[in-house]
Structure formats: C-alpha cells, structure tokens
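Here's the structure, in structure tokens; my notes come after.
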Amino acid sequence: MLWSRLFIPTLRENPAEAEVISHQLLLRAGYIRQLGAGIYNYLYLAQRSLLKVQQIVREEMDAIGAQEFYLPGLNPAEVWQESGRYDVMGDNMFRLKDRFGRPLCLGMTHEEVMTAIARGELRSYKQLPQIWYQIQTKFRDEPRPKSGLLRVRQFIMKDSYSFDLAPEGLDVAYEKHRIAYCRIFDRCGLEYVAVEAHSGAMGGSQSQEFMVATNAGEDYVVSSKQTGYAANLEKAVSRPVPPATPDNEAALTPEEVHTPGQKTIDEVSAFLKVHPTSIMKTLVLVADGKPYLAVLRGDHQLSETKFQSATACQEFRPAHPEEMREFLGADAGSLGPVRITTIPVLIDEALKGRKNLVAGANRDDYHLLNVTPEEDFQGAWHDLRQVAEGDTEIDTGAPLDVRKCVEIGHIFKLGYKYSKSMGLNVLDHNGVETPVIMGSYGIGIERVLCAAVELFSDSNGMSLPVSIAPFEVVLTPVKSADATLREAAGKLYAELKALHVDVLYDDRDLSPGVKFKDADLIGIPFRVNLGKKLASGLIELVNRRTKTSTDIPVAEAAALIRQAIAEARPTTAH
RNA sequence: CGGGGCGUAGCGCAGUCUGGUAGCGCACCUGCCUUGGGCGCAGGGGGUCGGCAGUUCGAAUCUGCCCGCCCCGACCA
C-alpha cells in the first residue's frame with residue numbers, strides 16, 4: 001500500500017484522556033478513535049492487525065477440529081431467561097425492546113444460544129463430540145470502562161463451546177483448547193502465562209486463564225519462577241510469613257484489657273506492644289442476608305473470592321455499623337469471636353495451632369488477651385486469606401511474586417449447568433437420555449493487540465510482532481524528491497508484493513525524520529531505508545525492536561527481506 | 001452508585017480567580033526552501049468556549065440545572 005493514499009492519522013502528542021501505554025499508542029498511532037465511554041472505532045491499522053490476530057485464532061481453532069459459526073449479537077430474552085442468566089447478569093446486560101415491546105438483549109457471551117442450537121439438533125451420542133466457535137462482537141455494559149481497549153463495552157471475542165457425552169471427553173476438548181491457546185498466543189508473539197483460575201458462579205470444575213504481565217492489567221497473578229506455580233490471586237494459596245513473635249504456649253484463659261480508642265490492628269498493636277501477627281482480626285460480613293464472622297491474622301487480608309466459596313453465597317457485603325452492634329454488642333474495632341454462638345464463625349487456616357492471641361472483646365474499648373482458637377471459641381476452618389507479597393509456595397517454600405496482569409484468554413470446564421437448565425440431552429449407548437457435558441473457551445481479540453503493545457513499546461512507539469503488525473515492512477526513501485530513490489523503492493515495492501510480503505511504501509513527500517518517527521510509532525517490525533548507499537548498491541534493513549541496521553544489496557533485497565521477516569515470525573513450541 | 005478531575009480549533013494547552021474584541025504550540029492549506037530522526041521562511045483557513053437557563057449594559061469567565069469524558073473506589077459471567 002502507498003502511505004500517501006492511506007488514512008493513518010498519527011498524533012504528535014498523547015491525548016489527555018489516555019493513561020495506559022496501549023491506549024496512548026493506539027490513539028497516537030492512528031489505530032483507534034473513541035466514540036464513547038468504552039466504545040471505539042477501529043481504523044485501518046487496527047483492523048488490519050485485528051484481522052491478523054483473528055486469522056491466527058481461526059487457523060488454530062480449525063486445527064483442533066473446531067467448526068466456525070456466526071451467531072447473532074441480538075438475542076431474544078427467552079433464551080437467557082431459560083438459563084436464569086437474564087436476571088443474574090443484571091445491569092451488565094444491554095437490554096432493549098422491539099417494536100412490539102418484546103424484550104431483547106445484546107449477547108455478552110453465547111452459552112445460551114449455542115446450547116439452544118445443540119438442544120434442537122443433537123440427538124445421539126454418535127454426534128458427539130462437537131466443538132463450535134465463532135469470532136464475534138460481545139456487548140457488556142461495564143460499570144466502568146477504562147484503559148482504552150482493555151475494558152470496553154463492545155469487543156470482539158473468539159468463543160468456543162465443546163459438547164461431550166462424558167467428563168473424559170470434556171477433558172480432551174479442554175486440553176485441545178489449552179494447546180491451541182498456547183499456539184495462538186505464541187504465534188501472536190506474546191509473553192504469557194497460563195494460571196489456575198477461580199471457577200466462580202459458573203459452577204465449573206476447572207479453569208485456566210491466559211495472562212500477560214503488565215501494569216495496565218486489573219488481575220493479580222501469583223507465581224513462582226523456581227517451580228512454575230502460577231495462579232490468579234483470587235485462587236492462589238501460599239505459606240504465610242511466620243508470626244513475628246512466638247506464642248506463649250501456657251494454658252491461659254482470656255483476660256479483658258482496657259484499650260480506649262484503639263480500633264485498628266496497628267493501633268491495638270502499638271498500644272498493647274503486641275505484633276499484628278499475634279492479633280486476630282474479626283470481620284463481620286453479611287452473605288445472602290445472613291451474618292458471618294471471619295477471623296484472620298491481624299496482618300492478613302480477607303480474600304473475597306475465598307470467602308464467597310467458603311460460604312457458597314451469591315453475594316456478600318461488610319456488615320453495617322448498626323448490624324455489628326446488633327450482632328456483637330460493640331463497634332468495629334473491638335469485635336471478636338469469643339462467646340459467639342448464634343453466628344457462624346469462619347477461621348482462617350493461618351491461625352491453626354496458634355495460642356494466646358489478642359482479639360476484640362465485643363465490648364467497646366476492650367480487647368481480650370490469651371485467646372486460643374478452638375479452645376476459647378469455635379468455628380469452621382477455611383482458607384480465607386489472600387496471598388500477600390512475601391509469602392512462599394505452600395509445598396516447596398519457594399518465593400512467590402505477585403504481578404499485575406491482563407487476561408487475554410480463559411478456558412473453562414462448564415459441566416452440566418447449561419445442558420441441565422436448558423434441557424440439552426442425547427441418547428447414550430444404552431438409549432438412555434443423558435445430559436451433555438460442556439466447556440466454554442474465550443479469547444479477547446483486542447486484548448491480544450493491547451497486550452502486544454503493552455509488552456513491546458519504547459519512547460518512539462509500539463513495536464509489534466511481525467505476525468500481528470498491520471504491515472511487515474515499510475519502505476522509506478530518505479529523500480522523497482530523489483527520482484533514483486523513488487524508482488528503486490517502487491521497484492522493490494513491486495518485488496516484495498510479488499513475494500506476498502505485507503509491505504507499506506512510504507511515498508509521502510515529507511522529511512525523513514517525520515517518516516522515521518511515523519514508522520516507529522505505528523510499530524512496523526522492519527523498515528527499509530533507501531538513501532545515500534544506494535549509489536553503491538546498498539540499502540538498510542532496520543529492525544524496529546532491536547534498532548539494529550543491516551546493509552543489504554538492493555539486487556537481492558526482496559528475498560533477504562522476506563527471509564528476515566520469516567525468521568522474525570514468532571514460532572510455537574506447543 | 002460514592003469520591004476526585006476535566007470539557008476553549010483536529011491534538012496539546014493558556015485565558016475563568018478579578019466579566020469588557022477568543023489566544024498560543026502542533027496539525028491543516030498556498031508558495032518558496034530543505035531532505036539520514038517530528039526542517040526553515042512567508043502568507044492563510046478553521047471556534048455556537050459541552051448544553052440549557054439565569055444574573056448583567058455586556059458572560060468562555062459569575063449562579064443553577066443537565067450532558068459528556070477520564071481517574072480512584074464499589075462492581076466486574
């Protein structure tokens with residue numbers, strides 16, 4: 001393509017509203033423009049790049065025998081009512097009515113529609129297994145769209161769904177997807193990690209997320225370089241930092257102490273001269289309308305996900321101050337688990353074996369010394385604690401890192417949730433109606449591009465992997481007025497096109513600096529400079545990412561460029 | 001939904017406190033010049049100052065209401 005004919009509106013300065021790198025660069029490089037909060041126009045460069053991502057996804061999905069569909073984004077409410085998610089999705093679902101007043105919604109995902117298709121057509125185990133997928137637009141009314149293309153209200157997703165007769169079949173489909181996802185992200189040139197994920201309210205049994213480490217991300221991943229352990233913070237387990245001081249092992253009974261005005265763990269710690277690791281914090285939570293106490297070590301944080309799992313609740317919130325007083329007879333700051341019999345008490349496992357700790361007395365401005373779990377109060381043991389910086393791996397004691405990540409893909413064993421709620425059954429070998437077991441698997445297409453920009457950029461702009469860059473190479477005659485350079489560039493352009501190289505020819509009448517800056521900004525992996533050295537038959541091949549330059553003979557340039565691109569193309573080990 | 005910030009030319013901003021002819025840089029158009037990292041010179045075009053209402057002789061500026069966008073939090077199958 002000739003740059004002079006293209007619409008690539010690059011900006012010299014960062015638009016004020018963009019904070020994260022990928023947002024800034026995608027705007028500056030003329031890939032995208034914003035239409036509204038969480039709604040973006042994808043211009044020429046973004047579309048070229050996203051189509052390349054989609055093509056890689058398509059090839060790898062096809063390679064595992066998945067069949068491409070294309071389902072409507074506009075859905076009748078009934079399908080979603082059947083699965084129960086019409087209510088569950090709440091305000092996150094865009095809803096509308098047709099001219100007759102019938103309720104419709106915009107699809108957030110397509111388990112329901114896929115299940116509805118399967119239910120209508122699949123009759124026999126002989127038709128299984130099936131893997132169906134699509135690359136299609138999703139709509140989610142996010143409470144807070146943010147970070148450019150990372151959290152938006154309309155986005156493209158590759159979603160696939162597997163249908164099997166038995167769990168062993170689901171295991172196969174899941175594993176096929178895991179490998180396909182690795183191949184996809186490898187080929188897209190990303191650095192990523194597959195982590196254990198929380199299965200959530202979807203009710204599934206196993207789930208992995210594909211994560212790219214970047215500060216722009218919203219998820220936290222706990223991992224160990226030594227052992228390869230990697231899990232979403234929501235699900236991660238660890239060995240906590242040991243208590244700062246040993247417990248008094250004597251058989252003591254609780255003793256009330258006056259702690260006027262000392263409410264937070266830090267205040268109580270300073271006042272009583274007891275380290276926070278020897279204090280218990282007591283949280284009052286209301287889950288599905290019922291109160292619970294959660295007891296954790298003073299320096300630990302409650303994991304909301306783990307608490308939700310432990311209570312198997314749909315939703316929960318911290319108790320209001322009036323409720324705390326009603327349930328426990330004291331205000332936050334003096335709450336404790338001792339002599340609580342009417343409210344379920346959940347104790348974090350990090351407190352197992354601990355003795356003679358400090359806890360609130362359930363009397364304003366008083367705490368108890370010498371409180372021992374299971375002696376002085378009873379409760380159910382659960383892992384409630386969120387992994388923290390400094391923790392170590394639970395089995396090996398290896399150090400753990402906590403890193404911010406963005407989720408680019410998710411694979412999920414659904415089980416029978418949709419087949420049962422929507423009546424998807426087939427006849428098995430014995431002619432008995434059996435529910436089909438399902439899996440669902442997603443890739444956020446725009447997030448792949450964003451993640452690549454986040455991973456690979458410098459002060460001059462983005463530096464995309466050749467496999468997903470909008471062009472593989474850009475030709476830059478240094479002097480635009482020089483007829484010899486123009487002729488050589490035109491010839492090389494034709495040769496590269498003949499070799500099916502994705503080439504952009506910067507034929508604009510601009511100073512070299514502008515062309516170099518633009519080429520760097522939009523992230524084309526290779527640039528060919530045609531300049532002075534052409535007189536001696538040489539041109540320069542510049543690598544965007546390494547900033548290294550090689551002189552190559554113009555006569556063999558097309559073949560050498562094609563070879564350089566081929567060598568730079570990300571490979572897959574999977 | 002709670003807290004904070006911002007809406008002035010395509011982009012980045014000043015002007016608003018203290019009301020009085022709407023500005024700067026970049027980008028854009030014309031011509032000349034230049035050509036190895038966002039050149040130079042000259043000339044030029046582009047604005048309902050987010051919207052509505054009010055106060056005033058007079059509102060970008062003061063007041064009220066509304067809208068939009070960004071950030072933090074809540075939320076996030």
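Labels used: A, B, ... for chains in the order of the structure tokens, numbers from 1 for residues in each chain, and numbers from 1 for ligands as shown.
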
| field | stretch 81-229 of chain A: residues DSSP assigns to helix (DSSP H, G or I), reported as a PyMOL selection string | value | chain A and resi 81-83+85-88+90-92+111-121+125-127+167-187+200-202

Could you list, with a cut-off of 8 Å and counting only C-alpha atoms (C1' of nucleotides), the residues of chain B near chain A, each shown with its nearest atom pair and the distance in Å rounded to one decimal, rows sorted by chain and ascending number, as JSON lines?
```
{"residue": "B:C11", "atom": "C1'", "partner": "A:Leu11", "partner_atom": "CA", "distance": 6.7}
{"residue": "B:G12", "atom": "C1'", "partner": "A:Glu13", "partner_atom": "CA", "distance": 6.4}
{"residue": "B:C26", "atom": "C1'", "partner": "A:Arg12", "partner_atom": "CA", "distance": 7.5}
{"residue": "B:U35", "atom": "C1'", "partner": "A:Lys479", "partner_atom": "CA", "distance": 5.3}
{"residue": "B:G36", "atom": "C1'", "partner": "A:Val478", "partner_atom": "CA", "distance": 6.7}
{"residue": "B:G37", "atom": "C1'", "partner": "A:Gly513", "partner_atom": "CA", "distance": 4.1}
{"residue": "B:G38", "atom": "C1'", "partner": "A:Val514", "partner_atom": "CA", "distance": 4.9}
{"residue": "B:C39", "atom": "C1'", "partner": "A:Ser511", "partner_atom": "CA", "distance": 7.4}
{"residue": "B:C69", "atom": "C1'", "partner": "A:Ala37", "partner_atom": "CA", "distance": 7.1}
{"residue": "B:C70", "atom": "C1'", "partner": "A:Glu17", "partner_atom": "CA", "distance": 5.3}
{"residue": "B:C75", "atom": "C1'", "partner": "A:Pro143", "partner_atom": "CA", "distance": 6.5}
{"residue": "B:C76", "atom": "C1'", "partner": "A:Glu142", "partner_atom": "CA", "distance": 7.2}
{"residue": "B:A77", "atom": "C1'", "partner": "A:Met202", "partner_atom": "CA", "distance": 6.8}
```

| said: My list of candidates is B:G68, B:G5, B:G10, B:G15. Which is closest to B:G50 when distances are computed with only C-alpha atoms (C1' of nucleotides)? | reply: B:G68

Please return, as a short mmCIF file (atom, residue, chain, number, x, y, z; two decimals) with all heavy atoms, in the first residue's frame, all residues of stretch 406-477 of chain A that DSSP assigns to strand (DSSP E or B) on the basis of the backbone.
```
data_model
loop_
_atom_site.label_atom_id
_atom_site.label_comp_id
_atom_site.auth_asym_id
_atom_site.auth_seq_id
_atom_site.Cartn_x
_atom_site.Cartn_y
_atom_site.Cartn_z
N VAL A 406 -3.05 -8.77 32.55
CA VAL A 406 -4.29 -8.65 31.81
C VAL A 406 -4.65 -10.03 31.26
O VAL A 406 -3.78 -10.78 30.81
CB VAL A 406 -4.18 -7.60 30.69
CG1 VAL A 406 -3.13 -7.94 29.66
CG2 VAL A 406 -5.52 -7.41 30.01
N GLU A 407 -5.94 -10.36 31.36
CA GLU A 407 -6.41 -11.67 30.92
C GLU A 407 -6.72 -11.60 29.42
O GLU A 407 -7.51 -10.78 28.98
CB GLU A 407 -7.69 -12.02 31.70
CG GLU A 407 -8.32 -13.33 31.32
CD GLU A 407 -9.66 -13.55 32.02
OE1 GLU A 407 -9.98 -12.81 32.97
OE2 GLU A 407 -10.40 -14.46 31.60
N ILE A 408 -6.09 -12.49 28.66
CA ILE A 408 -6.34 -12.49 27.21
C ILE A 408 -7.15 -13.71 26.77
O ILE A 408 -7.70 -13.72 25.68
CB ILE A 408 -5.02 -12.43 26.40
CG1 ILE A 408 -4.05 -13.51 26.85
CG2 ILE A 408 -4.39 -11.05 26.55
CD1 ILE A 408 -2.80 -13.59 26.00
N GLY A 409 -7.20 -14.73 27.63
CA GLY A 409 -7.98 -15.91 27.28
C GLY A 409 -8.37 -16.68 28.52
O GLY A 409 -7.76 -16.52 29.58
N HIS A 410 -9.39 -17.50 28.38
CA HIS A 410 -9.90 -18.25 29.52
C HIS A 410 -10.48 -19.56 29.00
O HIS A 410 -11.26 -19.55 28.05
CB HIS A 410 -10.99 -17.42 30.22
CG HIS A 410 -11.29 -17.88 31.61
ND1 HIS A 410 -11.95 -17.08 32.52
CD2 HIS A 410 -11.03 -19.03 32.24
CE1 HIS A 410 -12.07 -17.74 33.66
NE2 HIS A 410 -11.53 -18.93 33.51
N ILE A 411 -10.08 -20.65 29.58
CA ILE A 411 -10.69 -21.93 29.21
C ILE A 411 -11.36 -22.52 30.45
O ILE A 411 -10.87 -22.37 31.56
CB ILE A 411 -9.66 -22.92 28.61
CG1 ILE A 411 -8.51 -23.17 29.57
CG2 ILE A 411 -9.15 -22.40 27.28
CD1 ILE A 411 -7.50 -24.20 29.06
N PHE A 412 -12.49 -23.17 30.23
CA PHE A 412 -13.40 -23.40 31.33
C PHE A 412 -14.18 -24.70 31.15
O PHE A 412 -14.80 -24.91 30.11
CB PHE A 412 -14.41 -22.25 31.30
CG PHE A 412 -14.97 -21.93 32.63
CD1 PHE A 412 -14.54 -20.83 33.33
CD2 PHE A 412 -15.91 -22.77 33.20
CE1 PHE A 412 -15.05 -20.55 34.57
CE2 PHE A 412 -16.42 -22.50 34.44
CZ PHE A 412 -16.00 -21.38 35.13
N LYS A 413 -14.11 -25.56 32.13
CA LYS A 413 -14.98 -26.74 32.10
C LYS A 413 -16.32 -26.36 32.72
O LYS A 413 -16.42 -26.17 33.93
CB LYS A 413 -14.34 -27.89 32.89
CG LYS A 413 -13.10 -28.46 32.21
CD LYS A 413 -12.59 -29.68 32.94
CE LYS A 413 -11.32 -30.19 32.27
NZ LYS A 413 -10.70 -31.31 33.03
N LEU A 414 -17.33 -26.26 31.89
CA LEU A 414 -18.62 -25.80 32.37
C LEU A 414 -19.38 -26.87 33.14
O LEU A 414 -20.14 -26.57 34.05
CB LEU A 414 -19.51 -25.40 31.19
CG LEU A 414 -19.31 -24.04 30.55
CD1 LEU A 414 -20.24 -23.92 29.37
CD2 LEU A 414 -19.59 -22.96 31.56
N GLY A 415 -19.25 -28.10 32.69
CA GLY A 415 -20.06 -29.16 33.29
C GLY A 415 -21.45 -29.18 32.68
O GLY A 415 -21.63 -29.01 31.48
N ASN A 425 -29.99 -32.89 26.01
CA ASN A 425 -29.73 -34.30 26.30
C ASN A 425 -29.54 -35.07 25.00
O ASN A 425 -30.08 -34.69 23.97
CB ASN A 425 -30.92 -34.93 27.04
CG ASN A 425 -31.18 -34.23 28.37
OD1 ASN A 425 -30.29 -34.04 29.17
ND2 ASN A 425 -32.43 -33.82 28.56
N VAL A 426 -28.76 -36.13 25.08
CA VAL A 426 -28.68 -37.07 23.95
C VAL A 426 -28.93 -38.48 24.48
O VAL A 426 -28.87 -38.71 25.70
CB VAL A 426 -27.31 -37.02 23.25
CG1 VAL A 426 -27.08 -35.67 22.61
CG2 VAL A 426 -26.18 -37.36 24.22
N LEU A 427 -29.19 -39.38 23.57
CA LEU A 427 -29.31 -40.78 23.97
C LEU A 427 -27.92 -41.40 23.99
O LEU A 427 -27.13 -41.21 23.06
CB LEU A 427 -30.19 -41.54 22.97
CG LEU A 427 -31.65 -41.09 22.92
CD1 LEU A 427 -32.42 -41.92 21.91
CD2 LEU A 427 -32.31 -41.21 24.30
N GLU A 433 -31.51 -41.18 28.00
CA GLU A 433 -31.30 -39.73 27.88
C GLU A 433 -30.24 -39.28 28.87
O GLU A 433 -30.35 -39.54 30.08
CB GLU A 433 -32.60 -38.99 28.19
CG GLU A 433 -33.64 -39.08 27.12
CD GLU A 433 -33.93 -37.71 26.50
OE1 GLU A 433 -34.00 -36.72 27.25
OE2 GLU A 433 -34.08 -37.65 25.27
N THR A 434 -29.22 -38.61 28.37
CA THR A 434 -28.10 -38.18 29.20
C THR A 434 -27.79 -36.71 28.91
O THR A 434 -27.72 -36.33 27.75
CB THR A 434 -26.83 -38.99 28.87
OG1 THR A 434 -27.19 -40.36 28.83
CG2 THR A 434 -25.74 -38.76 29.88
N PRO A 435 -27.61 -35.89 29.94
CA PRO A 435 -27.22 -34.50 29.68
C PRO A 435 -25.81 -34.44 29.10
O PRO A 435 -24.95 -35.25 29.46
CB PRO A 435 -27.29 -33.84 31.05
CG PRO A 435 -27.21 -34.94 32.03
CD PRO A 435 -27.78 -36.16 31.38
N ILE A 437 -22.13 -32.82 28.50
CA ILE A 437 -21.20 -32.04 29.32
C ILE A 437 -20.49 -31.03 28.43
O ILE A 437 -20.09 -31.35 27.31
CB ILE A 437 -20.22 -32.96 30.09
CG1 ILE A 437 -19.43 -32.14 31.12
CG2 ILE A 437 -19.29 -33.72 29.16
CD1 ILE A 437 -18.73 -33.00 32.16
N MET A 438 -20.39 -29.82 28.93
CA MET A 438 -19.91 -28.71 28.08
C MET A 438 -18.67 -28.03 28.63
O MET A 438 -18.37 -28.09 29.82
CB MET A 438 -21.02 -27.65 27.94
CG MET A 438 -22.24 -28.12 27.17
SD MET A 438 -23.58 -26.90 27.20
CE MET A 438 -22.78 -25.45 26.50
N GLY A 439 -17.97 -27.38 27.71
CA GLY A 439 -16.88 -26.48 28.09
C GLY A 439 -17.04 -25.18 27.34
O GLY A 439 -17.69 -25.17 26.29
N SER A 440 -16.49 -24.10 27.87
CA SER A 440 -16.51 -22.85 27.09
C SER A 440 -15.15 -22.18 27.20
O SER A 440 -14.47 -22.28 28.23
CB SER A 440 -17.65 -21.94 27.52
OG SER A 440 -17.25 -21.04 28.51
N TYR A 441 -14.78 -21.50 26.11
CA TYR A 441 -13.39 -21.07 25.95
C TYR A 441 -13.38 -19.74 25.21
O TYR A 441 -13.99 -19.60 24.16
CB TYR A 441 -12.64 -22.11 25.12
CG TYR A 441 -12.94 -23.56 25.49
CD1 TYR A 441 -14.04 -24.22 24.94
CD2 TYR A 441 -12.18 -24.23 26.44
CE1 TYR A 441 -14.35 -25.53 25.29
CE2 TYR A 441 -12.48 -25.54 26.80
CZ TYR A 441 -13.57 -26.19 26.23
OH TYR A 441 -13.87 -27.48 26.59
N GLY A 442 -12.72 -18.74 25.77
CA GLY A 442 -12.76 -17.42 25.15
C GLY A 442 -11.39 -16.80 24.94
O GLY A 442 -10.45 -17.06 25.70
N ILE A 443 -11.31 -15.97 23.91
CA ILE A 443 -10.12 -15.14 23.68
C ILE A 443 -10.59 -13.73 23.35
O ILE A 443 -11.44 -13.55 22.48
CB ILE A 443 -9.25 -15.67 22.51
CG1 ILE A 443 -8.60 -17.00 22.88
CG2 ILE A 443 -8.17 -14.65 22.13
CD1 ILE A 443 -7.79 -17.61 21.75
N GLY A 444 -10.04 -12.76 24.05
CA GLY A 444 -10.35 -11.36 23.76
C GLY A 444 -9.42 -10.86 22.66
O GLY A 444 -8.23 -10.68 22.88
N SER A 457 6.95 -1.81 23.51
CA SER A 457 6.93 -0.42 23.08
C SER A 457 8.14 0.28 23.67
O SER A 457 8.76 -0.21 24.62
CB SER A 457 5.65 0.26 23.55
OG SER A 457 5.71 0.52 24.93
N ASP A 458 8.48 1.41 23.07
CA ASP A 458 9.54 2.25 23.64
C ASP A 458 9.12 3.70 23.47
O ASP A 458 7.97 3.97 23.11
CB ASP A 458 10.89 1.96 22.97
CG ASP A 458 10.85 2.15 21.46
OD1 ASP A 458 10.02 2.96 21.00
OD2 ASP A 458 11.64 1.50 20.75
N GLY A 461 7.33 4.58 20.24
CA GLY A 461 6.05 4.00 19.85
C GLY A 461 6.02 2.50 20.08
O GLY A 461 6.76 1.97 20.89
N MET A 462 5.13 1.85 19.34
CA MET A 462 4.96 0.41 19.55
C MET A 462 5.87 -0.38 18.64
O MET A 462 6.42 0.14 17.66
CB MET A 462 3.49 0.03 19.33
CG MET A 462 2.93 0.42 17.99
SD MET A 462 1.21 -0.13 17.80
CE MET A 462 0.28 1.23 18.44
N VAL A 473 6.74 -4.73 6.70
CA VAL A 473 7.91 -3.90 6.40
C VAL A 473 7.43 -2.59 5.77
O VAL A 473 6.41 -2.56 5.08
CB VAL A 473 8.88 -4.65 5.45
CG1 VAL A 473 8.20 -5.06 4.17
CG2 VAL A 473 10.13 -3.83 5.16
N VAL A 474 8.17 -1.52 6.06
CA VAL A 474 7.85 -0.23 5.46
C VAL A 474 9.08 0.25 4.68
O VAL A 474 10.21 0.15 5.17
CB VAL A 474 7.40 0.80 6.52
CG1 VAL A 474 8.39 0.93 7.66
CG2 VAL A 474 7.12 2.16 5.90
N LEU A 475 8.83 0.71 3.46
CA LEU A 475 9.92 1.22 2.61
C LEU A 475 9.99 2.72 2.75
O LEU A 475 8.98 3.41 2.57
CB LEU A 475 9.67 0.87 1.14
CG LEU A 475 9.49 -0.60 0.78
CD1 LEU A 475 9.39 -0.76 -0.73
CD2 LEU A 475 10.65 -1.42 1.33
N THR A 476 11.17 3.24 3.06
CA THR A 476 11.33 4.67 3.30
C THR A 476 12.46 5.25 2.47
O THR A 476 13.63 5.14 2.85
CB THR A 476 11.63 4.92 4.80
OG1 THR A 476 10.69 4.18 5.59
CG2 THR A 476 11.50 6.39 5.14
N PRO A 477 12.11 5.86 1.35
CA PRO A 477 13.15 6.62 0.62
C PRO A 477 13.49 7.84 1.46
O PRO A 477 12.61 8.57 1.88
CB PRO A 477 12.46 7.03 -0.68
CG PRO A 477 11.12 6.38 -0.68
CD PRO A 477 10.80 5.97 0.70
#
```

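Excluding A:Ile347 and any residue on its chain fewer than 6 positions from it, the residues at most 9 Å away by only C-alpha atoms (C1' of nucleotides) are Leu293, Ala294, Val295, Leu296, Pro373, Gln378, Gly379, Ala380, Trp381, His382, Asp383 and Leu384 of chain A.
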
| If you count only C-alpha atoms (C1' of nucleotides), which residues fall within 6 Å of A:Asn543, apart from same-chain ones fewer than 4 positions away, as a ChimeraX atom specification? | /A:526,547-548

| Please, what distance in Å, to one decimal, runs between atom CA of A:Lys126 and atom CA of A:Lys158? | 26.7 Å

| field | stretch 535-537 of chain A surroundings by only C-alpha atoms (C1' of nucleotides), 10 Å radius, close-in-sequence under 3 positions cut, as a count of residues only | value | 10

| request: With a distance cut-off of 12 Å and only C-alpha atoms (C1' of nucleotides), select the neighbouring residues of B:C52, excluding the residue or stretch itself and same-chain residues fewer than 2 positions from it, and output the selection as an MDAnalysis selection string. | output: chainID B and resid 50 54 64:67

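When atom CA of A:Pro129 is paired with atom CA of A:Asp164, their separation reads 4.8 Å.
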
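One distance worth recording is that between atom CA of A:Pro254 and atom CA of A:Ala361, which is 9.5 Å.
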
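Of the listed residues A:Gln47, A:Gln54, A:Tyr42, A:Leu346, the one whose atoms come nearest to A:Glu68 is A:Gln54, with distances taken using only C-alpha atoms.
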